[in-house]
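A.B. asks: Coordinates in my_file_1.tsv, TSV, C-alpha atoms and all ligand atoms, are listed below.
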```tsv
chain	number	residue	atom	x	y	z
A	1	ILE	CA	-14.55	-17.66	-13.90
A	2	TYR	CA	-13.91	-16.25	-10.44
A	3	ILE	CA	-12.37	-12.79	-10.18
A	4	LEU	CA	-11.09	-11.20	-6.98
A	5	GLY	CA	-11.28	-7.39	-7.14
A	6	ILE	CA	-9.21	-5.15	-4.89
A	7	GLU	CA	-9.84	-1.42	-4.43
A	8	SER	CA	-7.65	0.91	-2.36
A	9	SER	CA	-7.53	4.19	-4.31
A	10	CYS	CA	-8.70	6.53	-1.56
A	11	ASP	CA	-9.95	5.85	1.96
A	12	ASP	CA	-11.94	2.64	1.53
A	13	THR	CA	-10.26	-0.76	1.57
A	14	ALA	CA	-12.46	-3.09	-0.46
A	15	ALA	CA	-12.43	-6.60	-1.89
A	16	ALA	CA	-15.08	-8.50	-3.85
A	17	ILE	CA	-15.62	-11.70	-5.77
A	18	ILE	CA	-17.41	-11.77	-9.11
A	19	HIS	CA	-18.37	-15.13	-10.62
A	20	ASN	CA	-19.21	-15.00	-14.34
A	21	GLY	CA	-20.45	-11.43	-13.97
A	22	LYS	CA	-22.45	-12.00	-10.78
A	23	LYS	CA	-21.42	-10.65	-7.38
A	24	LEU	CA	-20.72	-13.27	-4.72
A	25	SER	CA	-19.32	-10.88	-2.12
A	26	ASN	CA	-18.55	-7.18	-1.78
A	27	VAL	CA	-16.69	-6.14	1.38
A	28	VAL	CA	-15.77	-2.55	2.24
A	29	ALA	CA	-13.81	-1.33	5.27
A	30	ASN	CA	-14.47	2.39	5.73
A	31	GLN	CA	-11.73	4.36	7.38
A	32	GLN	CA	-13.31	6.33	10.22
A	33	ILE	CA	-10.06	8.07	11.20
A	34	HIS	CA	-10.47	10.81	8.54
A	35	LYS	CA	-13.70	12.11	10.11
A	36	GLU	CA	-11.65	13.82	12.83
A	37	TYR	CA	-9.76	15.81	10.20
A	38	GLY	CA	-12.69	16.75	7.94
A	39	GLY	CA	-11.05	15.13	4.92
A	40	VAL	CA	-8.82	12.27	3.84
A	41	VAL	CA	-5.28	12.35	5.28
A	42	PRO	CA	-3.16	10.40	2.76
A	43	GLU	CA	-0.58	9.09	5.25
A	44	LEU	CA	-3.26	7.76	7.56
A	45	ALA	CA	-5.15	6.27	4.61
A	46	SER	CA	-2.25	4.14	3.42
A	47	ARG	CA	-1.51	2.93	6.93
A	48	ALA	CA	-5.15	1.92	7.41
A	49	HIS	CA	-5.12	0.11	4.04
A	50	GLN	CA	-2.14	-1.91	5.23
A	51	GLN	CA	-4.05	-2.95	8.34
A	52	ASN	CA	-7.28	-3.71	6.50
A	53	ILE	CA	-6.27	-5.38	3.30
A	54	VAL	CA	-5.60	-8.93	4.54
A	55	PRO	CA	-8.79	-9.28	6.61
A	56	VAL	CA	-10.92	-7.60	3.91
A	57	VAL	CA	-9.68	-9.97	1.19
A	58	GLN	CA	-10.10	-12.96	3.50
A	59	GLN	CA	-13.66	-11.88	4.26
A	60	ALA	CA	-14.51	-11.43	0.59
A	61	ILE	CA	-13.31	-14.95	-0.17
A	62	ALA	CA	-15.09	-16.42	2.86
A	63	LYS	CA	-18.37	-14.64	2.12
A	64	ALA	CA	-18.25	-15.84	-1.48
A	65	ASN	CA	-17.97	-19.34	-0.04
A	66	ILE	CA	-15.07	-20.30	-2.30
A	67	ASP	CA	-11.47	-21.33	-1.80
A	68	LYS	CA	-8.74	-18.98	-2.98
A	69	LYS	CA	-7.46	-21.81	-5.21
A	70	GLN	CA	-10.63	-21.39	-7.30
A	71	LEU	CA	-9.73	-17.81	-8.27
A	72	SER	CA	-9.10	-17.26	-12.00
A	73	ALA	CA	-7.45	-13.82	-11.76
A	74	ILE	CA	-6.91	-10.81	-9.52
A	75	ALA	CA	-8.07	-7.36	-10.59
A	76	PHE	CA	-6.77	-4.27	-8.77
A	77	THR	CA	-7.17	-0.51	-9.01
A	78	ARG	CA	-4.08	0.93	-10.67
A	79	GLY	CA	-5.35	4.53	-10.48
A	80	PRO	CA	-6.39	7.29	-10.39
A	81	GLY	CA	-6.18	7.96	-6.65
A	82	LEU	CA	-3.78	8.62	-3.80
A	83	MET	CA	-0.35	7.15	-4.52
A	84	GLY	CA	0.26	5.74	-1.03
A	85	SER	CA	-3.18	4.12	-1.03
A	86	LEU	CA	-2.84	2.68	-4.53
A	87	LEU	CA	0.54	1.16	-3.65
A	88	VAL	CA	-0.97	-1.00	-0.92
A	89	GLY	CA	-3.58	-2.58	-3.21
A	90	THR	CA	-1.17	-2.89	-6.11
A	91	SER	CA	1.59	-4.64	-4.18
A	92	PHE	CA	-0.88	-6.92	-2.42
A	93	ALA	CA	-2.54	-7.90	-5.72
A	94	LYS	CA	0.84	-8.58	-7.32
A	95	SER	CA	2.11	-10.81	-4.55
A	96	LEU	CA	-1.15	-12.75	-4.28
A	97	SER	CA	-1.21	-13.33	-8.04
A	98	LEU	CA	2.39	-14.61	-7.89
A	99	GLY	CA	1.61	-16.79	-4.90
A	100	LEU	CA	-1.46	-18.34	-6.50
A	101	GLY	CA	0.06	-18.45	-10.00
A	102	ILE	CA	-2.90	-16.64	-11.59
A	103	PRO	CA	-3.03	-13.58	-13.86
A	104	LEU	CA	-3.12	-9.97	-12.76
A	105	ILE	CA	-5.53	-7.42	-14.29
A	106	GLU	CA	-5.15	-3.64	-13.94
A	107	VAL	CA	-8.30	-1.55	-13.58
A	108	ASN	CA	-8.93	2.16	-14.07
A	109	HIS	CA	-11.04	3.34	-11.12
A	110	MET	CA	-13.11	5.78	-13.22
A	111	GLN	CA	-13.84	3.16	-15.88
A	112	ALA	CA	-14.93	0.90	-13.03
A	113	HIS	CA	-17.44	3.48	-11.70
A	114	ILE	CA	-19.02	3.28	-15.19
A	115	LEU	CA	-18.69	-0.45	-15.84
A	116	ALA	CA	-20.33	-1.26	-12.49
A	117	HIS	CA	-23.51	-1.19	-14.60
A	118	PHE	CA	-22.40	-4.51	-16.15
A	119	ILE	CA	-22.62	-6.44	-12.89
A	120	ASP	CA	-25.34	-9.00	-13.46
A	121	GLU	CA	-28.02	-7.94	-10.93
A	122	GLU	CA	-31.63	-8.98	-10.70
A	123	GLY	CA	-33.92	-6.03	-11.42
A	124	TYR	CA	-31.19	-3.98	-13.13
A	125	SER	CA	-30.66	-3.81	-16.87
A	126	GLN	CA	-27.38	-3.00	-18.57
A	127	PRO	CA	-26.92	0.01	-20.84
A	128	ASN	CA	-26.67	-0.47	-24.61
A	129	PHE	CA	-23.74	1.00	-26.57
A	130	PRO	CA	-23.20	3.78	-27.22
A	131	PHE	CA	-24.34	5.34	-23.97
A	132	LEU	CA	-23.49	8.46	-21.99
A	133	ALA	CA	-22.13	8.02	-18.49
A	134	MET	CA	-21.95	10.90	-16.07
A	135	THR	CA	-19.39	10.03	-13.40
A	136	ILE	CA	-19.95	12.12	-10.32
A	137	SER	CA	-17.65	11.37	-7.42
A	138	GLY	CA	-15.31	12.79	-4.82
A	139	GLY	CA	-12.51	13.50	-7.28
A	140	HIS	CA	-14.19	13.61	-10.70
A	141	THR	CA	-17.11	15.04	-12.63
A	142	GLN	CA	-17.16	13.80	-16.20
A	143	ILE	CA	-19.51	13.07	-19.05
A	144	VAL	CA	-18.18	10.07	-20.92
A	145	LYS	CA	-19.31	8.71	-24.27
A	146	VAL	CA	-19.04	4.96	-23.91
A	147	ASN	CA	-18.77	3.32	-27.35
A	148	ASP	CA	-17.80	-0.07	-25.98
A	149	HIS	CA	-16.60	-1.49	-22.64
A	150	PHE	CA	-13.09	-0.20	-23.22
A	151	ASP	CA	-13.69	2.48	-25.80
A	152	MET	CA	-14.56	5.62	-23.84
A	153	GLU	CA	-14.24	9.32	-24.62
A	154	VAL	CA	-14.48	12.07	-22.02
A	155	ILE	CA	-16.64	14.76	-23.69
A	156	GLY	CA	-17.00	17.04	-20.68
A	157	GLU	CA	-15.43	17.47	-17.25
A	158	THR	CA	-14.98	19.86	-14.37
A	159	ILE	CA	-12.47	22.64	-14.77
A	160	ASP	CA	-12.02	22.95	-10.98
A	161	ASP	CA	-13.70	21.09	-8.08
A	162	ALA	CA	-15.51	17.78	-8.42
A	163	VAL	CA	-19.19	17.66	-7.51
A	164	GLY	CA	-18.54	15.42	-4.47
A	165	GLU	CA	-15.99	17.96	-3.32
A	166	ALA	CA	-18.61	20.71	-3.72
A	167	TYR	CA	-20.92	18.72	-1.46
A	168	ASP	CA	-18.21	18.02	1.10
A	169	LYS	CA	-16.83	21.58	1.20
A	170	SER	CA	-20.31	23.11	1.43
A	171	GLY	CA	-21.04	20.71	4.27
A	172	LYS	CA	-17.89	21.79	6.05
A	173	ILE	CA	-19.04	25.43	5.88
A	174	LEU	CA	-22.35	24.31	7.41
A	175	GLY	CA	-20.58	22.36	10.16
A	176	LEU	CA	-21.66	18.93	8.89
A	177	PRO	CA	-19.46	15.83	9.33
A	178	TYR	CA	-17.19	14.51	6.57
A	179	PRO	CA	-18.13	13.31	4.00
A	180	ALA	CA	-21.07	15.71	3.95
A	181	GLY	CA	-22.74	14.56	0.71
A	182	PRO	CA	-25.12	12.06	2.32
A	183	PHE	CA	-25.99	14.51	5.15
A	184	ILE	CA	-26.84	17.34	2.76
A	185	ASP	CA	-28.91	14.91	0.71
A	186	LYS	CA	-30.90	13.81	3.76
A	187	LEU	CA	-31.51	17.33	5.09
A	188	ALA	CA	-32.36	18.59	1.58
A	189	GLN	CA	-35.33	16.27	1.38
A	190	LYS	CA	-37.03	18.20	4.20
A	191	GLY	CA	-36.24	21.71	2.94
A	192	ASN	CA	-37.43	24.17	0.33
A	193	PRO	CA	-35.18	23.96	-2.77
A	194	LYS	CA	-36.13	27.47	-3.85
A	195	ALA	CA	-35.50	29.14	-0.46
A	196	PHE	CA	-32.07	30.52	-1.38
A	197	PRO	CA	-31.10	30.95	-5.00
A	198	PHE	CA	-27.40	30.23	-5.55
A	199	PRO	CA	-25.77	31.29	-8.82
A	200	LYS	CA	-25.19	28.76	-11.57
A	201	PRO	CA	-21.76	29.01	-13.22
A	202	GLN	CA	-21.54	29.84	-16.90
A	203	VAL	CA	-19.14	27.31	-18.38
A	204	LYS	CA	-18.82	26.66	-22.09
A	205	GLY	CA	-19.75	23.39	-23.77
A	206	LEU	CA	-20.03	20.27	-21.67
A	207	ASP	CA	-17.57	21.27	-18.95
A	208	PHE	CA	-18.47	21.93	-15.32
A	209	SER	CA	-17.33	24.29	-12.58
A	210	PHE	CA	-18.11	23.97	-8.88
A	211	SER	CA	-15.59	26.16	-7.07
A	212	GLY	CA	-17.76	29.29	-7.44
A	213	LEU	CA	-20.70	27.63	-5.73
A	214	LYS	CA	-18.62	26.82	-2.66
A	215	THR	CA	-17.47	30.45	-2.44
A	216	ALA	CA	-21.02	31.74	-2.94
A	217	ILE	CA	-22.23	29.55	-0.09
A	218	LEU	CA	-19.40	30.72	2.16
A	219	TYR	CA	-20.18	34.43	1.58
A	220	PHE	CA	-23.92	33.80	1.87
A	221	VAL	CA	-23.50	32.09	5.24
A	222	GLN	CA	-21.02	34.68	6.57
A	223	LYS	CA	-23.29	37.55	5.60
A	224	ASN	CA	-26.39	36.06	7.17
A	225	GLU	CA	-24.60	34.93	10.33
A	226	LYS	CA	-23.58	38.53	10.97
A	227	GLU	CA	-27.25	39.42	11.37
A	228	ASN	CA	-28.31	36.16	12.98
A	229	PRO	CA	-25.71	33.92	14.66
A	230	ASN	CA	-28.19	31.04	14.51
A	231	PHE	CA	-28.81	31.43	10.79
A	232	ILE	CA	-27.40	28.02	9.80
A	233	LYS	CA	-29.16	26.16	12.58
A	234	GLU	CA	-32.52	27.76	11.83
A	235	ASN	CA	-32.32	27.30	8.07
A	236	LEU	CA	-30.21	24.16	7.63
A	237	GLU	CA	-32.82	22.14	5.72
A	238	ASP	CA	-33.63	24.99	3.35
A	239	ILE	CA	-29.93	25.76	2.76
A	240	CYS	CA	-29.22	22.09	1.98
A	241	ALA	CA	-32.25	21.83	-0.30
A	242	SER	CA	-31.13	24.97	-2.14
A	243	ILE	CA	-27.57	23.66	-2.56
A	244	GLN	CA	-28.85	20.32	-3.82
A	245	HIS	CA	-31.28	22.00	-6.20
A	246	THR	CA	-28.46	24.11	-7.68
A	247	ILE	CA	-26.08	21.16	-8.05
A	248	VAL	CA	-28.69	18.90	-9.63
A	249	ASN	CA	-29.60	21.67	-12.07
A	250	ILE	CA	-25.97	22.16	-13.09
A	251	LEU	CA	-25.53	18.43	-13.68
A	252	MET	CA	-28.81	18.00	-15.56
A	253	ASP	CA	-28.19	21.02	-17.82
A	254	LYS	CA	-24.93	19.52	-19.09
A	255	LEU	CA	-26.35	16.04	-19.39
A	256	LYS	CA	-29.25	17.33	-21.51
A	257	LYS	CA	-26.78	19.23	-23.65
A	258	ALA	CA	-24.60	16.13	-24.10
A	259	SER	CA	-27.58	13.99	-25.05
A	260	LYS	CA	-28.73	16.57	-27.59
A	261	LYS	CA	-25.26	16.97	-29.06
A	262	THR	CA	-24.57	13.24	-29.44
A	263	GLY	CA	-28.13	12.07	-30.10
A	264	ILE	CA	-27.64	9.42	-27.40
A	265	LYS	CA	-30.55	8.70	-25.06
A	266	GLU	CA	-29.07	5.83	-23.08
A	267	ILE	CA	-27.97	7.69	-19.95
A	268	ALA	CA	-26.08	6.22	-16.98
A	269	ILE	CA	-24.69	7.73	-13.78
A	270	GLY	CA	-21.93	6.40	-11.57
A	271	GLY	CA	-19.66	7.35	-8.65
A	272	GLY	CA	-20.45	8.31	-5.07
A	273	VAL	CA	-22.75	11.22	-5.87
A	274	SER	CA	-24.95	8.90	-7.97
A	275	ALA	CA	-26.32	7.78	-4.59
A	276	ASN	CA	-27.92	11.23	-4.35
A	277	SER	CA	-31.73	11.26	-4.23
A	278	GLY	CA	-32.01	14.52	-6.19
A	279	ILE	CA	-29.96	13.39	-9.17
A	280	ARG	CA	-31.67	9.98	-9.18
A	281	LYS	CA	-35.09	11.63	-9.28
A	282	ALA	CA	-34.04	14.06	-12.02
A	283	LEU	CA	-32.71	11.20	-14.12
A	284	MET	CA	-35.94	9.22	-13.76
A	285	GLU	CA	-37.89	12.30	-14.83
A	286	GLY	CA	-35.59	12.49	-17.86
A	287	GLU	CA	-37.10	9.22	-19.06
A	288	LYS	CA	-40.49	10.86	-19.40
A	289	LYS	CA	-39.33	14.35	-20.35
A	290	TYR	CA	-36.64	13.53	-22.90
A	291	GLY	CA	-37.27	9.91	-23.86
A	292	TRP	CA	-34.13	8.72	-22.08
A	293	THR	CA	-33.48	5.25	-20.78
A	294	ALA	CA	-31.83	5.93	-17.43
A	295	TYR	CA	-29.43	3.57	-15.67
A	296	ILE	CA	-29.05	4.20	-11.96
A	297	PRO	CA	-26.65	1.95	-10.03
A	298	LYS	CA	-27.55	-0.08	-6.97
A	299	PHE	CA	-26.48	1.87	-3.85
A	300	GLU	CA	-23.66	-0.54	-2.97
A	301	TYR	CA	-21.99	0.17	-6.32
A	302	THR	CA	-22.08	3.98	-6.09
A	303	THR	CA	-19.35	4.90	-3.59
A	304	ASP	CA	-16.03	3.10	-3.77
A	305	ASN	CA	-16.32	-0.67	-3.80
A	306	ALA	CA	-14.42	-3.63	-5.23
A	307	ALA	CA	-17.31	-5.32	-7.07
A	308	MET	CA	-16.91	-2.64	-9.74
A	309	ILE	CA	-13.18	-3.47	-9.93
A	310	ALA	CA	-13.90	-7.20	-10.18
A	311	ILE	CA	-16.48	-6.76	-12.99
A	312	VAL	CA	-13.90	-4.86	-15.04
A	313	GLY	CA	-11.51	-7.71	-14.24
A	314	TYR	CA	-14.06	-10.18	-15.58
A	315	LEU	CA	-14.61	-8.20	-18.80
A	316	LYS	CA	-10.84	-7.89	-19.32
A	317	TYR	CA	-10.36	-11.60	-18.54
A	318	LEU	CA	-12.75	-12.42	-21.39
A	319	ASN	CA	-10.55	-10.23	-23.65
A	320	ASP	CA	-7.31	-11.90	-22.43
A	321	ASP	CA	-6.24	-8.44	-21.28
A	322	PHE	CA	-3.72	-9.11	-18.51
A	323	ALA	CA	-1.08	-6.97	-16.81
A	324	ASP	CA	2.64	-7.66	-16.44
A	325	HIS	CA	4.15	-7.96	-13.00
A	326	ASP	CA	6.30	-4.89	-13.46
A	327	ILE	CA	3.16	-2.71	-13.66
A	328	ALA	CA	3.19	0.27	-11.28
A	329	ALA	CA	0.38	2.19	-9.63
A	330	ASN	CA	-0.44	5.42	-11.45
A	331	ALA	CA	-2.10	8.21	-9.46
A	332	ARG	CA	-3.15	10.19	-12.54
A	333	VAL	CA	-4.09	7.57	-15.12
A	334	LYS	CA	-6.83	8.75	-17.54
A	335	ILE	CA	-9.92	6.93	-18.77
A	401	LIG	P1	-13.01	9.33	-7.37
A	401	LIG	O1	-13.91	8.20	-7.68
A	401	LIG	O2	-13.24	10.53	-8.23
A	401	LIG	O3	-11.58	8.93	-7.31
A	401	LIG	P2	-13.77	8.96	-4.64
A	401	LIG	O4	-13.50	7.54	-4.99
A	401	LIG	O5	-13.16	9.54	-3.43
A	401	LIG	O6	-13.38	9.86	-5.90
A	401	LIG	P3	-16.51	8.14	-4.40
A	401	LIG	O7	-16.29	7.16	-3.31
A	401	LIG	O8	-16.90	7.63	-5.70
A	401	LIG	O9	-15.31	9.19	-4.56
A	401	LIG	O10	-17.60	9.18	-3.89
A	401	LIG	C1	-17.47	9.84	-2.67
A	401	LIG	C2	-18.23	11.15	-2.75
A	401	LIG	O11	-19.63	10.88	-2.90
A	401	LIG	C3	-18.08	12.03	-1.52
A	401	LIG	O12	-17.76	13.33	-1.94
A	401	LIG	C4	-19.48	11.98	-0.88
A	401	LIG	O13	-19.84	13.16	-0.19
A	401	LIG	C5	-20.35	11.79	-2.10
A	401	LIG	N1	-21.68	11.23	-1.79
A	401	LIG	C6	-21.98	10.01	-1.29
A	401	LIG	N2	-23.32	9.88	-1.12
A	401	LIG	C7	-23.88	11.04	-1.52
A	401	LIG	C8	-25.22	11.55	-1.60
A	401	LIG	N3	-26.27	10.82	-1.22
A	401	LIG	N4	-25.37	12.81	-2.07
A	401	LIG	C9	-24.33	13.56	-2.47
A	401	LIG	N5	-23.07	13.16	-2.42
A	401	LIG	C10	-22.84	11.91	-1.95
A	402	FE	FE	-14.41	6.53	-6.58
```
Could I get this file's structure written as structure tokens?
Ligand code: ATP
Ligand code: FE
C.D. replies:
Amino acid sequence: IYILGIESSCDDTAAAIIHNGKKLSNVVANQQIHKEYGGVVPELASRAHQQNIVPVVQQAIAKANIDKKQLSAIAFTRGPGLMGSLLVGTSFAKSLSLGLGIPLIEVNHMQAHILAHFIDEEGYSQPNFPFLAMTISGGHTQIVKVNDHFDMEVIGETIDDAVGEAYDKSGKILGLPYPAGPFIDKLAQKGNPKAFPFPKPQVKGLDFSFSGLKTAILYFVQKNEKENPNFIKENLEDICASIQHTIVNILMDKLKKASKKTGIKEIAIGGGVSANSGIRKALMEGEKKYGWTAYIPKFEYTTDNAAMIAIVGYLKYLNDDFADHDIAANARVKI
């Protein structure tokens, strides 16, 4: 079974081929245009998707070394995401499925960030049900109880900003390029995580909050720059390490709580921020400290990609779970 996956929910145009659960190709076209604006500009994103989608799909098929006639089905991201971006992938997937006379499969982007763990990869094992998945990305921060591939319950989520957003907005304050997450991560590894204590929000239960941290960092920087205009420059590594330390602590606190509450020790992470070295390290330590089995995705499956869309397509194909052609993109679809 050959599945073509198409992802266009935000600012990456991606296509991938999965063959019986194994990745044959995984192509991503990053949109550089947004860097100039310090964030994703929706109108520009959908235009870039329109330019990229045909070559990206062609490349995915060519790299997989198959002919498009061999495809069994086409899986596409229905949502959540930016409407204009989703429309490009959705309409392309629909017309290609009509043209080739093969079924269409709708995929929830946030489920895909979790189910990426089911791509058959050498050296990576797949979580056992039930497991807890913490999805940490540019638009979401959730703890999900995964009872089965398509039986998921969100048991905790952010009440304001997503963790990726916290990284990107903090980075903006520090003058780092967009998206700032990877830059903060890199600089953090050379700094002192205890240099500047930032407050941890008090949020009930398993929910998160990140908007206060961003404000705390803004005031902290403004105050110190008044006394020393070079404050950021001179302390960048320590500031980044302190931000990362605070964020990782917030995430780990809730994850520990969720594991305790549910009694589940199979713990997975997914989404762009799961590329972060601090959270990866903390999760590995959790194996020793709390008896967890931790599942950390391969880097290429952390930020947006289409292999994760295609694997969901494969799992749905096995369940005969196909979409009708009148299906519409949905910017706010839930897990
Ligand atoms: P969503 O999946 O919620 O719709 P998205 O698709 O835009 O949002 P992803 O592509 O999954 O988000 O993740 C992008 C985010 O990951 C960005 O905020 C980016 O800064 C962050 N990120 C990527 N690498 C790292 C890293 N090493 N450390 C911290 N953050 C990172
Ligand atoms: Fe994503």
A.B. asks: Tell me which of A:Ala62, A:Val221, A:Ala329, A:Ala75 sits closest to Leu174 of chain A, counting only C-alpha atoms.
C.D. replies: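 So, comparing all the options, the nearest one is A:Val221.
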A.B. asks: Write out as a PDB file with C-alpha atoms, in the coordinates of the input the residues lying within 7 Å of segment 33-48 of chain A, counting all atoms listed in the file and excluding same-chain residues fewer than 4 positions away.
C.D. replies:
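Result went into out.pdb, see below:
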```pdb
ATOM      1  CA  ASP A  11      -9.950   5.850   1.960  1.00  0.00           C
ATOM      2  CA  ASN A  52      -7.280  -3.710   6.500  1.00  0.00           C
ATOM      3  CA  LEU A  82      -3.780   8.620  -3.800  1.00  0.00           C
ATOM      4  CA  GLY A  84       0.260   5.740  -1.030  1.00  0.00           C
ATOM      5  CA  SER A  85      -3.180   4.120  -1.030  1.00  0.00           C
ATOM      6  CA  VAL A  88      -0.970  -1.000  -0.920  1.00  0.00           C
ATOM      7  CA  PRO A 177     -19.460  15.830   9.330  1.00  0.00           C
ATOM      8  CA  TYR A 178     -17.190  14.510   6.570  1.00  0.00           C
TER       9      TYR A 178
END
```
A.B. asks: Give me the residues within 7 Å of Gly139 of chain A as a list in words, counting all atoms listed in the file and dropping any in the same chain fewer than 2 places off.
C.D. replies: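 Close residues of Gly139 of chain A: Ser137, Ala162, Gly164 and Glu165 of chain A.
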A.B. asks: So that I have them on file, write out the residues from the current selection with C-alpha atoms, as a compact mmCIF listing (two decimals), in the frame of the given file.
C.D. replies:
```
# COMPACT_ATOMS: atom_id res chain seq x y z
CA SER A 137 -17.65 11.37 -7.42
CA ALA A 162 -15.51 17.78 -8.42
CA GLY A 164 -18.54 15.42 -4.47
CA GLU A 165 -15.99 17.96 -3.32
```
A.B. asks: Pick out the residues no farther than 6 Å from ligand LIG 401 (chain A), counting only C-alpha atoms and all ligand atoms, and list them as a list in words.
C.D. replies: Cys10, Gly81, Ser137, Gly138, Gly139, His140, Gly164, Glu165, Tyr167, Asp168, Pro179, Ala180, Gly181, Pro182, Asp185, Gly271, Gly272, Val273, Ala275, Asn276, Thr303 and Asp304 of chain A
A.B. asks: Show which residues sit within 10 Å of Gln126 of chain A, as a list of chain:residue names. Count only C-alpha atoms, and ignore same-chain residues fewer than 2 positions away.
C.D. replies: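 Skipping anything fewer than 2 positions along the chain leaves A:Leu115, A:Ala116, A:His117, A:Phe118, A:Ile119, A:Asp120, A:Glu121, A:Tyr124, A:Asn128, A:Phe129, A:Ala268, A:Tyr295, A:Ile296, A:Pro297.
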A.B. asks: Just want the 9 Å neighbourhood of segment 245-259 of chain A, counted on only C-alpha atoms, with same-chain residues fewer than 2 positions away dropped. Output as JSON, numbers by chain.
C.D. replies: {"A": [132, 134, 143, 155, 156, 163, 166, 167, 188, 193, 194, 197, 198, 199, 200, 201, 205, 206, 207, 208, 209, 210, 213, 240, 241, 242, 243, 261, 262, 263, 264, 265, 266, 267, 278, 279, 282, 283, 286, 290, 292]}
A.B. asks: Do you have the atom CA of Ala29 of chain A-atom CA of Asp321 of chain A distance handy?
C.D. replies: 28.5 Å
A.B. asks: So which one's closest to ligand FE 402 (chain A), A:Lys94, A:His109, A:Lys69, A:Lys186? Using all atoms listed in the file, please.
C.D. replies: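 Among the listed residues, the smallest separation from ligand FE 402 (chain A) belongs to A:His109.
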A.B. asks: Could you work out how far atom CA of Gln244 of chain A lies from atom CA of Ile136 of chain A, giving the answer in Å with one decimal?
C.D. replies: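 Calculated distance between atom CA of Ile136 of chain A and atom CA of Gln244 of chain A is 13.7 Å.
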A.B. asks: Between A:Leu87, A:Ala216, A:Ala60, A:Leu4, which one has atoms that come closest to Asn330 of chain A, using only C-alpha atoms?
C.D. replies: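 That would be A:Leu87, the residue with the smallest distance to Asn330 of chain A.
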A.B. asks: Under the rule that all atoms listed in the file are counted, which of A:Gly171, A:Gly101, A:Gly270, A:Gly89 is the nearest residue to ligand FE 402 (chain A)?
C.D. replies: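 The closest residue to ligand FE 402 (chain A) is A:Gly270.
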A.B. asks: Counting all atoms listed in the file, write as a PDB file with C-alpha atoms, keeping the file's coordinate frame all protein and nucleic acid residues lying at most 7 Å from (-2.5, -3.9, 0.9) in the file's frame.
C.D. replies:
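And here's selection_12.pdb as it stands now:
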```
ATOM      1  CA  HIS A  49      -5.120   0.110   4.040  1.00  0.00           C
ATOM      2  CA  GLN A  50      -2.140  -1.910   5.230  1.00  0.00           C
ATOM      3  CA  ILE A  53      -6.270  -5.380   3.300  1.00  0.00           C
ATOM      4  CA  VAL A  54      -5.600  -8.930   4.540  1.00  0.00           C
ATOM      5  CA  VAL A  88      -0.970  -1.000  -0.920  1.00  0.00           C
ATOM      6  CA  GLY A  89      -3.580  -2.580  -3.210  1.00  0.00           C
ATOM      7  CA  SER A  91       1.590  -4.640  -4.180  1.00  0.00           C
ATOM      8  CA  PHE A  92      -0.880  -6.920  -2.420  1.00  0.00           C
TER       9      PHE A  92
END
```
A.B. asks: Identify which of the residues A:Ile61, A:Ile309, A:Ile327, A:Leu96 lies closest to ligand FE 402 (chain A), counting only C-alpha atoms and all ligand atoms when measuring atom-to-atom distances.
C.D. replies: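 Under the stated criterion, the closest residue is A:Ile309.
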A.B. asks: Which is closest to Ser25 of chain A among A:Asn319, A:Thr158, A:Gln58, A:Gln51, if we use only C-alpha atoms?
C.D. replies: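 Using only C-alpha atoms, Ser25 of chain A sits closest to A:Gln58.
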